[in-house]
Amino acid sequence: MISGKRILADFKVYSRGFLRNKFGLFFGLIFPVILIMIFGAIFSGGGSGTIYVYAQNHDDGNVSAQYLSAINSTKTLQVITIDNSVNFTEYMAQNSIENGLVIPNDFSSNYAFRQPVNLTIYTNPSGSTGGTVLGVIGAVNNQFNLNAFGGFTLISISQKTVGSQESYIDYLVPGLIGFAILVNPMFSLVEISSMYKKNKLFKQLSLTPLTKMEWLTSKILWYIVLSAASFLLMTAVGVALFGANINLTVWLIPFLIIGPMLFASLGMLIGTVTKNPETAGVIGNVVTFPMMFLSGTFFPIAFMPEYLQTFAHILPLFYVVEGLNNVMVYQNYTGAVIDLAVITVITVVVFILAVKLFKWRED
Amino acid sequence: MFPIEVTELRKNYGDLKAVDGISFNVKEGEVFGLLGPNGAGKTTTIEIMEGLRERDGGDVKILGLDPWKKGYELHKKIGVIPQEFTFIEKTTPNEAIKYYADLFNVKVNPDEILKDVLLEESSKTYFEELSGGQKRKTGLALSLVNSPELLFLDEPTTGLDPNARRAIWEVIRGLKKKGKTIILTTHYLDEAQQLSDRVAIMDHGKIVASGTTAEIIQKHGSGEQIEIYGNEKLAEYIRGNTELQVNYDKNRNLITIPLKKKIDALAALAAAEQSGIDWGQIQTRQDSLDDVFIKLVSEPLDEQGGRGVNQNTRKKGFLDD
Ligand SMILES: Nc1ncnc2c1ncn2[C@@H]1O[C@H](COP(=O)(O)OP(=O)(O)OP(=O)(O)O)[C@@H](O)[C@H]1O
Ligand SMILES: [Mg+2]
């Protein structure tokens, strides 16, 4: 009943049309890559990621120098030393500096003789970086205090932190792949299935042996191809430009197949049950936009308030993005299998509904 | 069995009887024209026959099949040009034909089909960039891909230039020669006359006349009449001095005299000559299909010269205010 030849014929016509449409091509392939580049540039590495601490060092011993370089080596804070002659508080006010550190002149000698010494730290209570500065400096202090008394570190940290600037790009790549898997098939299918209904192209196609199932299948195939291309491009950019740490395995393949299938079917379902392309567009946006932002695409959902996190769990894209993260970032395959199971069930339901409710002809 | 058998077909849209109990058959190899004013129900009838719409009553057999229930089977054997043909925007006619050929699983030479419908020059133009007429030709080309034995052409030449129309006529004649059965709708009565073996005239969902065009003219037309351009005095004179029935149209200064026998023309002319009153052009004419069509499907003009109120689609008193 289902004919591969017809699916292929329809696939050829559709994909050719897609590739000839510069606008679609831009949004389908280039736009997500641009997003990676923008978000990657904003959040990874230098620039705004590092917190600057202005320091006045009244001490001329070598311990204070070691101390400052220890702070720098945390990579979270960067010390900028200013001249001892300037009035520190005035300087801070004039230059809108948020964080400052003053090292007294007896720092090295007191440290050498195991005498207490007091540092002054300035932070801006309305700023967002004060806590980090205090935390980091406190940690450096502990280290120095321990060393002074021949102590050693019992509890150490190996840096693999969630949400640090280094690994944001690692989440961003699967997130934006999820974004591409959602947006392309969804918007296209909402549009064409409502347009083809309005301009009676479906009626015409119903006069050929092509079936609606074959029609939808060929669209799904195309969006699988497009998602795969998108995936490769985004991964390449993420790795090459931002050094994203991504785990590439065959586990990604089911997500790249079922994801487009889910959203193409959902798009067609929306185009089918709505009266005209305008309504379809509105409903399409209402369904797409929350998913686009709240499924962990641009940032992990842990950053959101709790009620939004709960809400995210009813969004199909959430499971796609979580699954991709489970595979690409955490290598948590048990989690990935569960995500896969969830989206497979949703996909089967939506696919069947779309094909059943979809009308080639009127009555 | 006829390729097309329609009995007491009905289709309602709410209170509107779009198709109101029509019956007709189309013989194998026949070209059947479906005529009628806008909204008469032609497209509705055709799409029911194609299996695109469900009927509300009556019986329809197309190539022996119920088109609604056996549409999938039927569609392999028929070719269709819908009234509003559209296609995938960024696809050329050439690619469209190949696409249909793949769908129907047949081998065709796209260039040949494109040549037949005079579309070779635009064979590589995207559908969205084709002119209205070129789009229709693409529709015709696609309807031929599966070599159908039965074709439904809903206004195949609307919007085409005279050359293109004649080219399409040639295609239709060629198809007829090959023994295909064709049902076509058109608003061009000359086209219907040129192409159709038989026509049916629809109005308000009913068939108001059917047969060959000659039969319809014979049955519903006025017969031969002589027309003389002249004044009312002349009309009076002829009326007074002959046995003839003389009609006078004041607005056009036209005297019309139906001819029961050819010789009546001579009597009319003799009387005119005798009157000593000047007259203009003289001609004899017979009702054309156009005249008959207008008589059959339109209501009489009211005092303001507007069309009468159509009880189906307009409210009474619509023209009064
Ligand atoms: N889907 C529909 N829903 C409601 N009314 C309809 C529908 N399709 C047709 N009609 C009505 O049925 C009547 C017949 O329409 P149809 O399209 O069959 O006319 P037609 O003879 O093809 O006219 P035209 O020459 O303008 O193409 C019209 O009054 C039209 O408004
Ligand atoms: Mg019509």
# chains A, B, ... in the order shown; residues from 1 in each chain; ligands from 1

call {"tool": "interface_residues", "arguments": {"of": "chain B", "to": "chain A", "cutoff": "7 Å", "atoms": "only C-alpha atoms", "output": "ChimeraX atom specification"}}
result
/B:52-54,72,75-76,86-87,90-91,99,102-104

call {"tool": "write_last_selection", "arguments": {"atoms": "C-alpha atoms", "output": "tab-separated table (two decimals), in the first residue's frame"}}
result
chain	number	residue	atom	x	y	z
B	52	LEU	CA	-13.75	15.13	-4.32
B	53	ARG	CA	-17.08	15.95	-2.70
B	54	GLU	CA	-19.69	13.72	-1.19
B	72	TYR	CA	-8.58	5.90	-5.04
B	75	HIS	CA	-8.35	8.48	-9.84
B	76	LYS	CA	-5.90	6.28	-11.69
B	86	THR	CA	-2.41	25.57	-8.28
B	87	PHE	CA	0.85	23.81	-7.77
B	90	LYS	CA	9.08	26.41	-6.66
B	91	THR	CA	8.49	23.61	-9.14
B	99	TYR	CA	6.47	14.09	-10.30
B	102	ASP	CA	6.32	8.91	-10.62
B	103	LEU	CA	3.16	9.11	-8.55
B	104	PHE	CA	1.14	7.31	-11.24

call {"tool": "residues_near_ligand", "arguments": {"ligand": "ligand 2", "cutoff": "9 Å", "atoms": "only C-alpha atoms and all ligand atoms", "output": "count of residues only"}}
result
15

call {"tool": "closest_residue", "arguments": {"among": "A:Ser109, A:Thr279, A:Asn99, A:Ser15", "to": "Ala55 of chain A", "atoms": "only C-alpha atoms"}}
result
A:Asn99

call {"tool": "select_by_dssp", "arguments": {"residues": "segment 30-74 of chain A", "states": "strand (DSSP E)", "output": "compact mmCIF listing (two decimals) with all heavy atoms, in the first residue's frame"}}
result
# COMPACT_ATOMS: atom_id res chain seq x y z
N ILE A 51 35.27 38.09 36.46
CA ILE A 51 34.99 39.18 37.40
C ILE A 51 36.30 39.88 37.75
O ILE A 51 37.29 39.22 38.10
CB ILE A 51 34.33 38.63 38.68
CG1 ILE A 51 33.03 37.90 38.31
CG2 ILE A 51 34.07 39.75 39.68
CD1 ILE A 51 32.47 37.08 39.46
N TYR A 52 36.30 41.21 37.64
CA TYR A 52 37.53 41.95 37.93
C TYR A 52 37.52 42.45 39.37
O TYR A 52 36.51 42.92 39.87
CB TYR A 52 37.66 43.13 36.97
CG TYR A 52 37.89 42.66 35.55
CD1 TYR A 52 36.84 42.63 34.64
CD2 TYR A 52 39.16 42.21 35.16
CE1 TYR A 52 37.03 42.15 33.36
CE2 TYR A 52 39.36 41.74 33.88
CZ TYR A 52 38.30 41.71 32.99
OH TYR A 52 38.51 41.24 31.72
N VAL A 53 38.66 42.33 40.01
CA VAL A 53 38.83 42.85 41.37
C VAL A 53 40.00 43.83 41.34
O VAL A 53 41.11 43.49 40.92
CB VAL A 53 39.12 41.71 42.36
CG1 VAL A 53 39.34 42.27 43.75
CG2 VAL A 53 38.00 40.70 42.36
N TYR A 54 39.72 45.07 41.75
CA TYR A 54 40.78 46.09 41.79
C TYR A 54 41.46 46.02 43.15
O TYR A 54 40.81 45.98 44.17
CB TYR A 54 40.18 47.47 41.53
CG TYR A 54 39.79 47.63 40.07
CD1 TYR A 54 38.65 46.99 39.59
CD2 TYR A 54 40.58 48.37 39.20
CE1 TYR A 54 38.31 47.09 38.25
CE2 TYR A 54 40.24 48.49 37.86
CZ TYR A 54 39.10 47.85 37.39
OH TYR A 54 38.77 47.94 36.08
N ALA A 55 42.78 45.95 43.12
CA ALA A 55 43.51 45.76 44.38
C ALA A 55 44.57 46.84 44.56
O ALA A 55 45.21 47.29 43.60
CB ALA A 55 44.15 44.38 44.39
N GLN A 56 44.69 47.25 45.81
CA GLN A 56 45.79 48.16 46.16
C GLN A 56 46.67 47.36 47.12
O GLN A 56 46.20 46.90 48.17
CB GLN A 56 45.24 49.41 46.83
CG GLN A 56 46.09 50.62 46.59
CD GLN A 56 45.39 51.89 47.02
OE1 GLN A 56 44.60 51.87 47.98
NE2 GLN A 56 45.66 52.98 46.36
N ASN A 57 47.90 47.20 46.75
CA ASN A 57 48.79 46.36 47.54
C ASN A 57 49.81 47.22 48.27
O ASN A 57 50.77 47.70 47.69
CB ASN A 57 49.49 45.35 46.61
CG ASN A 57 50.28 44.33 47.40
OD1 ASN A 57 50.34 44.41 48.64
ND2 ASN A 57 50.89 43.40 46.70

call {"tool": "atom_distance", "arguments": {"atom1": "atom CA of Phe107 of chain A", "atom2": "atom CA of Phe152 of chain A"}}
result
21.8 Å

call {"tool": "residues_around", "arguments": {"residues": "His220 of chain B", "least_positions_apart": "6", "cutoff": "9 Å", "atoms": "only C-alpha atoms", "output": "PyMOL selection string"}}
result
chain B and resi 209+287+292-293+295-296

call {"tool": "write_last_selection", "arguments": {"atoms": "C-alpha atoms", "output": "CSV table (one decimal), in the first residue's frame"}}
result
chain,number,residue,atom,x,y,z
B,209,ALA,CA,-31.7,22.3,-21.4
B,287,ASP,CA,-31.1,32.7,-32.3
B,292,VAL,CA,-30.9,30.8,-26.1
B,293,PHE,CA,-28.5,30.6,-23.1
B,295,LYS,CA,-33.2,33.3,-22.4
B,296,LEU,CA,-32.9,30.1,-20.4

call {"tool": "residues_around", "arguments": {"residues": "Ser288 of chain B", "least_positions_apart": "3", "cutoff": "12 Å", "atoms": "only C-alpha atoms", "output": "PyMOL selection string"}}
result
chain B and resi 189-190+193+213-225+285+291-295

call {"tool": "atom_distance", "arguments": {"atom1": "atom CA of Ile34 of chain A", "atom2": "atom CA of Ser295 of chain A"}}
result
19.6 Å
